[in-house]
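Engineer: The structure under discussion is supplied below as structure tokens; questions concerning it will follow.
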2 protein chains.
Amino acid sequence: MLLSQTSRYALRAAAYLGECFAEDRSVPVGEIADAVAVPRNYLSKTLHLLARQGILVSERGPKGGFRLARAPRTIRLVEVVAPLEPAFTERSCLLGRPSCSDADPCAAHDRWRHLTEEVSDFLQSTSLADLSRAE
Amino acid sequence: MLLSQTSRYALRAAAYLGECFAEDRSVPVGEIADAVAVPRNYLSKTLHLLARQGILVSERGPKGGFRLARAPRTIRLVEVVAPLEPAFTERSCLLGRPSCSDADPCAAHDRWRHLTEEVSDFLQSTSLADLSRAE
DNA sequence: CGCTATTCTCATGTCTATATGATGTTTATG
DNA sequence: CATAAACATCATATAGACATGAGAATAGCG
């Protein structure tokens, strides 16, 4: 699983907002929640957090809702995940040894470090636009 | 971080037991907890769980403690982690789409799947012996 | 047999993730 | 300016992760 439920909810919602981006409208939470099958009120709080981070823009009142603050192509997955799990991108030693990186020749540690870097790279190099199906 | 605190505790303890394996003795929880800097009673419960899984053997009474049930070289990391986080090795779609794998040509999904497979492979192919420093 | 080291098990507590539902607040629109 | 749509916020609930401490069960040993 790797990512928390909340992060996966947020990615699904963000991907949906990416698909709506061309329509240039605010999308109500209810519509997003229905579309991506996520609890409505819980999603509301998560999206509000992302809005405070500047990833999304929220508008109140009728015709209000959420939209991406920038084009889907320019929003990296890490921007969505990082506010929701700050510790996720920390790349610490598998065994919690304090100074493992340089002095430690252990092959397993090197492989683990490589893995965590690959995960970071994926979140860093993938944009919301990459999550939309090409249909 | 990827792995839970409990899993990292267990891996550290198991690695320590791997280093003690040649001494052919049961290692008390207190010694393990001190050696790897993990809360004693909490570790006790975790190790007991691994003993029930057959990874460790526990012995009560004086001269009791825990030891590996098999040689460190033959115990894969996944055996230690799997009982502690059953969902970790599940490789589901990043967006939670039900049938994503075959029909979905999305590049991000393929990359994500590849990443999760690499993590699984690491846990599957690395043994406790690989965690010991070569000193 | 009794002492003691040790695991085993239970009770309890805190914190966070994951929610649900009610209520407050803002704002477009007629 | 009233209404209703929608976000914002608060109270509450549940489950699990993480942790502590006490006591019960076991077993070696004198």
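Ordered as shown in the structure tokens, chains take letters A, B, and onward, while each chain numbers its residues from 1 and ligands are numbered from 1 in the order shown.
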Output chain B as a compact mmCIF listing (two decimals) with N, CA and C atoms, in the first residue's frame, after least-squares fitting it to chain A on all in-order C-alpha pairs.
Structural biologist:
# COMPACT_ATOMS: atom_id res chain seq x y z
N MET B 1 0.75 -1.26 -0.05
CA MET B 1 -0.10 -0.07 0.04
C MET B 1 0.77 1.19 0.06
N LEU B 2 1.75 1.22 0.89
CA LEU B 2 2.73 2.32 0.94
C LEU B 2 2.09 3.64 1.35
N LEU B 3 1.05 4.09 0.61
CA LEU B 3 0.44 5.38 0.93
C LEU B 3 -0.76 5.20 1.84
N SER B 4 -1.01 6.20 2.69
CA SER B 4 -2.16 6.15 3.60
C SER B 4 -3.46 6.29 2.82
N GLN B 5 -4.53 5.86 3.45
CA GLN B 5 -5.86 6.00 2.86
C GLN B 5 -6.13 7.45 2.48
N THR B 6 -5.83 8.36 3.38
CA THR B 6 -6.09 9.77 3.13
C THR B 6 -5.33 10.26 1.89
N SER B 7 -4.08 9.85 1.75
CA SER B 7 -3.30 10.26 0.59
C SER B 7 -3.90 9.70 -0.69
N ARG B 8 -4.35 8.47 -0.63
CA ARG B 8 -4.94 7.89 -1.85
C ARG B 8 -6.25 8.59 -2.20
N TYR B 9 -7.05 8.92 -1.17
CA TYR B 9 -8.24 9.73 -1.41
C TYR B 9 -7.86 11.03 -2.12
N ALA B 10 -6.85 11.69 -1.59
CA ALA B 10 -6.46 13.00 -2.12
C ALA B 10 -5.96 12.88 -3.56
N LEU B 11 -5.20 11.82 -3.84
CA LEU B 11 -4.70 11.66 -5.21
C LEU B 11 -5.84 11.40 -6.18
N ARG B 12 -6.80 10.60 -5.73
CA ARG B 12 -7.94 10.33 -6.62
C ARG B 12 -8.71 11.61 -6.88
N ALA B 13 -8.95 12.37 -5.83
CA ALA B 13 -9.68 13.63 -5.99
C ALA B 13 -8.90 14.59 -6.88
N ALA B 14 -7.60 14.68 -6.66
CA ALA B 14 -6.78 15.60 -7.45
C ALA B 14 -6.76 15.18 -8.92
N ALA B 15 -6.71 13.88 -9.14
CA ALA B 15 -6.73 13.40 -10.54
C ALA B 15 -8.05 13.78 -11.20
N TYR B 16 -9.14 13.65 -10.43
CA TYR B 16 -10.44 14.02 -10.99
C TYR B 16 -10.48 15.51 -11.30
N LEU B 17 -9.97 16.32 -10.39
CA LEU B 17 -9.92 17.76 -10.63
C LEU B 17 -9.05 18.07 -11.85
N GLY B 18 -8.03 17.26 -12.04
CA GLY B 18 -7.19 17.44 -13.23
C GLY B 18 -7.97 17.22 -14.51
N GLU B 19 -8.86 16.21 -14.47
CA GLU B 19 -9.67 15.93 -15.65
C GLU B 19 -10.72 17.01 -15.89
N CYS B 20 -11.14 17.68 -14.80
CA CYS B 20 -12.13 18.76 -14.92
C CYS B 20 -11.49 20.10 -15.25
N PHE B 21 -10.17 20.13 -15.23
CA PHE B 21 -9.47 21.42 -15.29
C PHE B 21 -9.83 22.23 -16.53
N ALA B 22 -9.97 21.54 -17.66
CA ALA B 22 -10.26 22.23 -18.92
C ALA B 22 -11.64 22.90 -18.90
N GLU B 23 -12.53 22.40 -18.05
CA GLU B 23 -13.89 22.94 -18.01
C GLU B 23 -13.93 24.30 -17.30
N ASP B 24 -12.83 24.64 -16.63
CA ASP B 24 -12.70 25.95 -15.98
C ASP B 24 -13.89 26.27 -15.08
N ARG B 25 -14.11 25.41 -14.09
CA ARG B 25 -15.19 25.64 -13.13
C ARG B 25 -14.74 25.11 -11.78
N SER B 26 -15.44 25.55 -10.73
CA SER B 26 -15.21 24.98 -9.41
C SER B 26 -16.08 23.74 -9.26
N VAL B 27 -15.48 22.67 -8.79
CA VAL B 27 -16.20 21.40 -8.67
C VAL B 27 -16.58 21.19 -7.21
N PRO B 28 -17.88 21.03 -6.90
CA PRO B 28 -18.32 20.83 -5.51
C PRO B 28 -17.78 19.52 -4.95
N VAL B 29 -17.56 19.50 -3.64
CA VAL B 29 -17.05 18.30 -2.97
C VAL B 29 -17.96 17.11 -3.26
N GLY B 30 -19.27 17.34 -3.24
CA GLY B 30 -20.21 16.25 -3.45
C GLY B 30 -19.96 15.54 -4.77
N GLU B 31 -19.71 16.31 -5.80
CA GLU B 31 -19.46 15.71 -7.12
C GLU B 31 -18.16 14.90 -7.10
N ILE B 32 -17.11 15.48 -6.50
CA ILE B 32 -15.83 14.79 -6.44
C ILE B 32 -15.97 13.49 -5.65
N ALA B 33 -16.62 13.61 -4.49
CA ALA B 33 -16.77 12.44 -3.62
C ALA B 33 -17.52 11.33 -4.34
N ASP B 34 -18.57 11.69 -5.06
CA ASP B 34 -19.31 10.68 -5.81
C ASP B 34 -18.44 10.07 -6.90
N ALA B 35 -17.70 10.93 -7.60
CA ALA B 35 -16.94 10.47 -8.76
C ALA B 35 -15.83 9.50 -8.36
N VAL B 36 -15.17 9.76 -7.24
CA VAL B 36 -14.03 8.93 -6.88
C VAL B 36 -14.33 8.01 -5.69
N ALA B 37 -15.60 8.00 -5.25
CA ALA B 37 -16.03 7.07 -4.20
C ALA B 37 -15.23 7.25 -2.92
N VAL B 38 -15.35 8.45 -2.35
CA VAL B 38 -14.64 8.79 -1.12
C VAL B 38 -15.63 9.47 -0.19
N PRO B 39 -15.54 9.23 1.14
CA PRO B 39 -16.48 9.86 2.07
C PRO B 39 -16.46 11.38 1.94
N ARG B 40 -17.62 11.95 1.78
CA ARG B 40 -17.74 13.34 1.41
C ARG B 40 -17.13 14.30 2.42
N ASN B 41 -17.56 14.20 3.68
CA ASN B 41 -17.09 15.16 4.67
C ASN B 41 -15.60 15.00 4.96
N TYR B 42 -15.16 13.77 4.90
CA TYR B 42 -13.75 13.53 5.15
C TYR B 42 -12.91 14.14 4.03
N LEU B 43 -13.38 13.94 2.80
CA LEU B 43 -12.68 14.52 1.66
C LEU B 43 -12.68 16.04 1.74
N SER B 44 -13.79 16.58 2.23
CA SER B 44 -13.90 18.03 2.35
C SER B 44 -12.75 18.60 3.17
N LYS B 45 -12.49 17.94 4.31
CA LYS B 45 -11.41 18.43 5.15
C LYS B 45 -10.06 18.30 4.47
N THR B 46 -9.87 17.20 3.80
CA THR B 46 -8.58 16.97 3.13
C THR B 46 -8.35 18.00 2.03
N LEU B 47 -9.39 18.26 1.25
CA LEU B 47 -9.25 19.23 0.16
C LEU B 47 -9.02 20.64 0.70
N HIS B 48 -9.69 20.93 1.81
CA HIS B 48 -9.47 22.23 2.44
C HIS B 48 -8.01 22.40 2.84
N LEU B 49 -7.43 21.32 3.37
CA LEU B 49 -6.02 21.36 3.74
C LEU B 49 -5.14 21.62 2.51
N LEU B 50 -5.46 20.96 1.42
CA LEU B 50 -4.67 21.17 0.20
C LEU B 50 -4.86 22.59 -0.34
N ALA B 51 -6.05 23.14 -0.12
CA ALA B 51 -6.29 24.53 -0.54
C ALA B 51 -5.40 25.47 0.27
N ARG B 52 -5.29 25.19 1.58
CA ARG B 52 -4.43 26.04 2.41
C ARG B 52 -2.97 25.92 1.99
N GLN B 53 -2.62 24.77 1.41
CA GLN B 53 -1.25 24.59 0.93
C GLN B 53 -1.01 25.26 -0.41
N GLY B 54 -2.10 25.74 -1.04
CA GLY B 54 -1.94 26.41 -2.32
C GLY B 54 -2.00 25.48 -3.52
N ILE B 55 -2.29 24.20 -3.29
CA ILE B 55 -2.42 23.26 -4.40
C ILE B 55 -3.77 23.44 -5.08
N LEU B 56 -4.80 23.67 -4.24
CA LEU B 56 -6.15 23.86 -4.76
C LEU B 56 -6.60 25.28 -4.45
N VAL B 57 -7.67 25.68 -5.14
CA VAL B 57 -8.36 26.92 -4.82
C VAL B 57 -9.78 26.56 -4.45
N SER B 58 -10.28 27.11 -3.35
CA SER B 58 -11.66 26.82 -2.96
C SER B 58 -12.50 28.07 -3.12
N GLU B 59 -13.73 27.86 -3.53
CA GLU B 59 -14.67 28.97 -3.63
C GLU B 59 -15.96 28.61 -2.93
N ARG B 60 -16.44 29.50 -2.09
CA ARG B 60 -17.65 29.23 -1.33
C ARG B 60 -18.86 29.76 -2.06
N GLY B 61 -20.02 29.34 -1.52
CA GLY B 61 -21.28 29.81 -2.07
C GLY B 61 -21.69 29.00 -3.29
N PRO B 62 -22.84 29.35 -3.83
CA PRO B 62 -23.33 28.68 -5.04
C PRO B 62 -22.31 28.81 -6.16
N LYS B 63 -22.21 27.80 -6.96
CA LYS B 63 -21.21 27.73 -8.04
C LYS B 63 -19.79 27.61 -7.48
N GLY B 64 -19.73 27.38 -6.14
CA GLY B 64 -18.42 27.22 -5.53
C GLY B 64 -17.93 25.80 -5.66
N GLY B 65 -16.80 25.54 -5.00
CA GLY B 65 -16.21 24.21 -5.05
C GLY B 65 -14.70 24.32 -5.06
N PHE B 66 -14.06 23.25 -5.52
CA PHE B 66 -12.60 23.22 -5.59
C PHE B 66 -12.15 23.11 -7.03
N ARG B 67 -10.97 23.67 -7.28
CA ARG B 67 -10.30 23.49 -8.56
C ARG B 67 -8.80 23.50 -8.33
N LEU B 68 -8.05 23.01 -9.30
CA LEU B 68 -6.60 23.05 -9.17
C LEU B 68 -6.12 24.49 -9.26
N ALA B 69 -5.08 24.79 -8.49
CA ALA B 69 -4.54 26.15 -8.51
C ALA B 69 -3.67 26.37 -9.75
N ARG B 70 -3.17 25.27 -10.32
CA ARG B 70 -2.32 25.37 -11.51
C ARG B 70 -2.70 24.26 -12.48
N ALA B 71 -2.10 24.28 -13.65
CA ALA B 71 -2.40 23.25 -14.65
C ALA B 71 -1.95 21.89 -14.13
N PRO B 72 -2.73 20.84 -14.44
CA PRO B 72 -2.42 19.49 -13.95
C PRO B 72 -0.99 19.06 -14.30
N ARG B 73 -0.52 19.49 -15.43
CA ARG B 73 0.81 19.10 -15.87
C ARG B 73 1.91 19.62 -14.93
N THR B 74 1.58 20.68 -14.21
CA THR B 74 2.61 21.34 -13.37
C THR B 74 2.52 20.95 -11.90
N ILE B 75 1.54 20.12 -11.53
CA ILE B 75 1.40 19.73 -10.11
C ILE B 75 1.93 18.32 -9.94
N ARG B 76 2.97 18.20 -9.14
CA ARG B 76 3.61 16.91 -8.89
C ARG B 76 2.86 16.16 -7.77
N LEU B 77 2.86 14.85 -7.86
CA LEU B 77 2.17 14.05 -6.84
C LEU B 77 2.70 14.34 -5.44
N VAL B 78 3.99 14.61 -5.36
CA VAL B 78 4.57 14.85 -4.04
C VAL B 78 3.94 16.06 -3.37
N GLU B 79 3.47 17.01 -4.16
CA GLU B 79 2.83 18.19 -3.57
C GLU B 79 1.51 17.84 -2.91
N VAL B 80 0.85 16.82 -3.42
CA VAL B 80 -0.42 16.38 -2.84
C VAL B 80 -0.18 15.52 -1.60
N VAL B 81 0.82 14.67 -1.67
CA VAL B 81 1.06 13.70 -0.60
C VAL B 81 1.78 14.34 0.59
N ALA B 82 2.73 15.20 0.31
CA ALA B 82 3.59 15.73 1.37
C ALA B 82 2.82 16.39 2.51
N PRO B 83 1.81 17.24 2.23
CA PRO B 83 1.09 17.85 3.37
C PRO B 83 0.32 16.82 4.19
N LEU B 84 0.02 15.68 3.61
CA LEU B 84 -0.82 14.69 4.30
C LEU B 84 -0.01 13.69 5.10
N GLU B 85 1.20 13.39 4.67
CA GLU B 85 2.09 12.54 5.47
C GLU B 85 3.51 13.09 5.39
N PRO B 86 3.80 14.02 6.29
CA PRO B 86 5.09 14.71 6.26
C PRO B 86 6.27 13.74 6.33
N ALA B 87 6.08 12.61 7.04
CA ALA B 87 7.21 11.70 7.26
C ALA B 87 7.46 10.79 6.07
N PHE B 88 6.53 10.80 5.10
CA PHE B 88 6.62 9.78 4.06
C PHE B 88 7.91 9.89 3.25
N THR B 89 8.30 11.10 2.96
CA THR B 89 9.46 11.26 2.09
C THR B 89 10.79 11.20 2.85
N GLU B 90 10.72 11.09 4.19
CA GLU B 90 11.96 10.89 4.94
C GLU B 90 12.60 9.58 4.52
N ARG B 91 13.87 9.65 4.24
CA ARG B 91 14.54 8.43 3.81
C ARG B 91 15.55 8.03 4.88
N SER B 92 15.05 7.39 5.91
CA SER B 92 15.93 7.00 7.01
C SER B 92 16.40 5.57 6.83
N CYS B 93 17.41 5.23 7.59
CA CYS B 93 17.98 3.89 7.56
C CYS B 93 16.92 2.85 7.92
N LEU B 94 16.95 1.75 7.24
CA LEU B 94 15.97 0.69 7.48
C LEU B 94 15.99 0.23 8.93
N LEU B 95 17.16 0.21 9.53
CA LEU B 95 17.29 -0.28 10.90
C LEU B 95 17.32 0.86 11.92
N GLY B 96 17.17 2.09 11.45
CA GLY B 96 17.15 3.20 12.38
C GLY B 96 18.51 3.55 12.95
N ARG B 97 19.53 3.03 12.35
CA ARG B 97 20.86 3.39 12.84
C ARG B 97 21.14 4.85 12.51
N PRO B 98 21.67 5.59 13.47
CA PRO B 98 21.78 7.05 13.31
C PRO B 98 22.62 7.44 12.09
N SER B 99 23.84 6.98 12.04
CA SER B 99 24.71 7.38 10.93
C SER B 99 24.98 6.17 10.07
N CYS B 100 24.03 5.91 9.19
CA CYS B 100 24.12 4.69 8.40
C CYS B 100 24.65 4.96 7.01
N SER B 101 24.33 6.13 6.51
CA SER B 101 24.43 6.35 5.07
C SER B 101 25.84 6.16 4.51
N ASP B 102 26.77 6.94 4.99
CA ASP B 102 28.07 6.99 4.33
C ASP B 102 29.00 5.87 4.80
N ALA B 103 29.06 5.71 6.13
CA ALA B 103 30.05 4.78 6.67
C ALA B 103 29.63 3.32 6.49
N ASP B 104 28.33 3.11 6.29
CA ASP B 104 27.84 1.73 6.32
C ASP B 104 27.91 1.10 4.93
N PRO B 105 28.65 0.03 4.80
CA PRO B 105 28.78 -0.62 3.51
C PRO B 105 27.75 -1.71 3.28
N CYS B 106 26.80 -1.85 4.23
CA CYS B 106 25.83 -2.94 4.17
C CYS B 106 25.02 -2.89 2.87
N ALA B 107 25.03 -4.00 2.16
CA ALA B 107 24.35 -4.04 0.86
C ALA B 107 22.85 -3.81 1.01
N ALA B 108 22.26 -4.36 2.07
CA ALA B 108 20.82 -4.20 2.26
C ALA B 108 20.46 -2.73 2.45
N HIS B 109 21.29 -2.03 3.20
CA HIS B 109 21.02 -0.61 3.43
C HIS B 109 21.08 0.17 2.12
N ASP B 110 22.05 -0.14 1.30
CA ASP B 110 22.16 0.55 0.02
C ASP B 110 20.94 0.26 -0.86
N ARG B 111 20.51 -0.98 -0.86
CA ARG B 111 19.35 -1.34 -1.67
C ARG B 111 18.10 -0.63 -1.14
N TRP B 112 17.99 -0.58 0.18
CA TRP B 112 16.83 0.07 0.79
C TRP B 112 16.81 1.56 0.46
N ARG B 113 17.96 2.17 0.58
CA ARG B 113 18.08 3.59 0.26
C ARG B 113 17.68 3.83 -1.21
N HIS B 114 18.13 2.95 -2.07
CA HIS B 114 17.80 3.09 -3.47
C HIS B 114 16.29 3.00 -3.70
N LEU B 115 15.66 2.07 -2.98
CA LEU B 115 14.21 1.92 -3.11
C LEU B 115 13.48 3.18 -2.67
N THR B 116 13.84 3.71 -1.52
CA THR B 116 13.15 4.89 -1.03
C THR B 116 13.39 6.08 -1.96
N GLU B 117 14.56 6.11 -2.56
CA GLU B 117 14.81 7.19 -3.51
C GLU B 117 13.95 7.03 -4.76
N GLU B 118 13.75 5.80 -5.16
CA GLU B 118 12.89 5.59 -6.33
C GLU B 118 11.46 6.03 -6.07
N VAL B 119 10.98 5.74 -4.86
CA VAL B 119 9.62 6.17 -4.52
C VAL B 119 9.54 7.70 -4.52
N SER B 120 10.53 8.33 -3.91
CA SER B 120 10.55 9.79 -3.91
C SER B 120 10.60 10.34 -5.32
N ASP B 121 11.44 9.73 -6.15
CA ASP B 121 11.56 10.20 -7.52
C ASP B 121 10.24 10.09 -8.27
N PHE B 122 9.55 8.98 -8.03
CA PHE B 122 8.26 8.80 -8.70
C PHE B 122 7.30 9.92 -8.34
N LEU B 123 7.17 10.19 -7.05
CA LEU B 123 6.24 11.23 -6.61
C LEU B 123 6.68 12.61 -7.10
N GLN B 124 8.00 12.76 -7.25
CA GLN B 124 8.54 14.04 -7.68
C GLN B 124 8.37 14.25 -9.18
N SER B 125 8.47 13.20 -9.95
CA SER B 125 8.52 13.35 -11.41
C SER B 125 7.16 13.11 -12.08
N THR B 126 6.18 12.63 -11.30
CA THR B 126 4.88 12.36 -11.89
C THR B 126 3.93 13.52 -11.60
N SER B 127 3.20 13.93 -12.63
CA SER B 127 2.26 15.04 -12.45
C SER B 127 0.83 14.51 -12.45
N LEU B 128 -0.09 15.36 -12.03
CA LEU B 128 -1.50 14.97 -12.03
C LEU B 128 -1.97 14.61 -13.44
N ALA B 129 -1.42 15.29 -14.43
CA ALA B 129 -1.82 14.99 -15.80
C ALA B 129 -1.47 13.54 -16.16
N ASP B 130 -0.39 13.04 -15.57
CA ASP B 130 0.01 11.66 -15.86
C ASP B 130 -0.97 10.64 -15.31
N LEU B 131 -1.80 11.08 -14.38
CA LEU B 131 -2.75 10.13 -13.77
C LEU B 131 -4.02 9.98 -14.60
N SER B 132 -4.23 10.89 -15.54
CA SER B 132 -5.45 10.81 -16.35
C SER B 132 -5.25 9.75 -17.42
N ARG B 133 -6.27 8.98 -17.61
CA ARG B 133 -6.22 7.98 -18.67
C ARG B 133 -6.20 8.69 -20.03
N ALA B 134 -5.51 8.11 -20.95
CA ALA B 134 -5.53 8.63 -22.31
C ALA B 134 -6.64 7.92 -23.07
N GLU B 135 -7.79 8.58 -23.11
CA GLU B 135 -8.92 7.94 -23.80
C GLU B 135 -9.41 8.83 -24.92
Engineer: Write out as a list in words every residue belonging to chain D that has an atom at most 8 Å from any atom of chain B, counting only C-alpha atoms (C1' of nucleotides).
Structural biologist: DA19, DT20, DT26, DA27 and DG28 of chain D
Engineer: Keeping only N, CA and C atoms (P, O5', C5', C4', C3', O3' and C1' of nucleotides), take the residues you just selected and write them out as a short mmCIF file (atom, residue, chain, number, x, y, z; two decimals), in the first residue's frame.
Structural biologist:
data_model
loop_
_atom_site.label_atom_id
_atom_site.label_comp_id
_atom_site.auth_asym_id
_atom_site.auth_seq_id
_atom_site.Cartn_x
_atom_site.Cartn_y
_atom_site.Cartn_z
P DA D 19 6.50 3.71 20.24
"O5'" DA D 19 6.08 3.32 21.73
"C5'" DA D 19 5.53 4.34 22.54
"C4'" DA D 19 4.91 3.78 23.78
"C3'" DA D 19 5.79 2.89 24.65
"O3'" DA D 19 6.40 3.72 25.64
"C1'" DA D 19 3.46 2.32 24.72
P DT D 20 7.38 3.09 26.69
"O5'" DT D 20 6.40 2.80 27.90
"C5'" DT D 20 5.48 3.81 28.30
"C4'" DT D 20 4.73 3.35 29.53
"C3'" DT D 20 5.58 2.59 30.54
"O3'" DT D 20 5.38 3.16 31.83
"C1'" DT D 20 3.64 1.34 30.00
P DT D 26 1.59 -22.49 32.69
"O5'" DT D 26 3.17 -22.51 32.65
"C5'" DT D 26 3.81 -21.92 31.53
"C4'" DT D 26 5.29 -21.81 31.81
"C3'" DT D 26 5.98 -23.12 32.19
"O3'" DT D 26 6.89 -23.41 31.16
"C1'" DT D 26 6.73 -21.30 33.50
P DA D 27 7.48 -24.87 30.93
"O5'" DA D 27 8.91 -24.70 31.60
"C5'" DA D 27 9.77 -23.70 31.06
"C4'" DA D 27 10.96 -23.51 31.99
"C3'" DA D 27 11.56 -24.83 32.51
"O3'" DA D 27 12.96 -24.69 32.47
"C1'" DA D 27 11.05 -23.45 34.31
P DG D 28 13.84 -25.98 31.99
"O5'" DG D 28 15.24 -25.66 32.68
"C5'" DG D 28 15.92 -24.48 32.31
"C4'" DG D 28 16.49 -23.82 33.56
"C3'" DG D 28 17.50 -24.71 34.32
"O3'" DG D 28 18.68 -23.96 34.50
"C1'" DG D 28 15.86 -23.80 35.80
#
Engineer: Using only C-alpha atoms (C1' of nucleotides), which of the listed residues (D:DG30, D:DA22, D:DA4, D:DT12) sits closest to DT26 in chain C?
Structural biologist: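 Ranked by minimum distance to DT26 in chain C, first place goes to D:DA4.
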Engineer: Residues of chain C were defined as contacting chain A if any atom lay at most 10 Å from it, counting only C-alpha atoms (C1' of nucleotides); please report them as a list in words.
Structural biologist: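 Using only C-alpha atoms (C1' of nucleotides), chain C residues at most 10 Å from chain A: DA17, DT18, DA19, DT20, DG21, DT25, DT26, DT27, DA28 and DT29 of chain C.
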Engineer: Record the distance separating C1' of DG21 in chain D and C1' of DC15 in chain C, expressed in Å with one decimal.
Structural biologist: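 Spanning C1' of DG21 in chain D to C1' of DC15 in chain C is a straight-line distance of 18.6 Å.
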Engineer: Per DSSP on the backbone, what are the strand (DSSP E) residues of range 53-112 of chain A, as a list in words?
Structural biologist: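 Matching residues, listed in order: Leu56, Val57, Ser58, Glu59, Gly65, Phe66, Arg67 and Leu68 of chain A.
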Engineer: Considering only helix (DSSP H, G or I) as DSSP defines it on the backbone, what residues of range 17-91 of chain A qualify? List them as an MDAnalysis selection string.
Structural biologist: chainID A and resid 17:23 29:36 40:52 72:74 77:81
Engineer: So what do you get for C1' of DT14 in chain C versus C1' of DA24 in chain D, distance-wise?
Structural biologist: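 Atom-to-atom, C1' of DT14 in chain C to C1' of DA24 in chain D, that is 25.8 Å.
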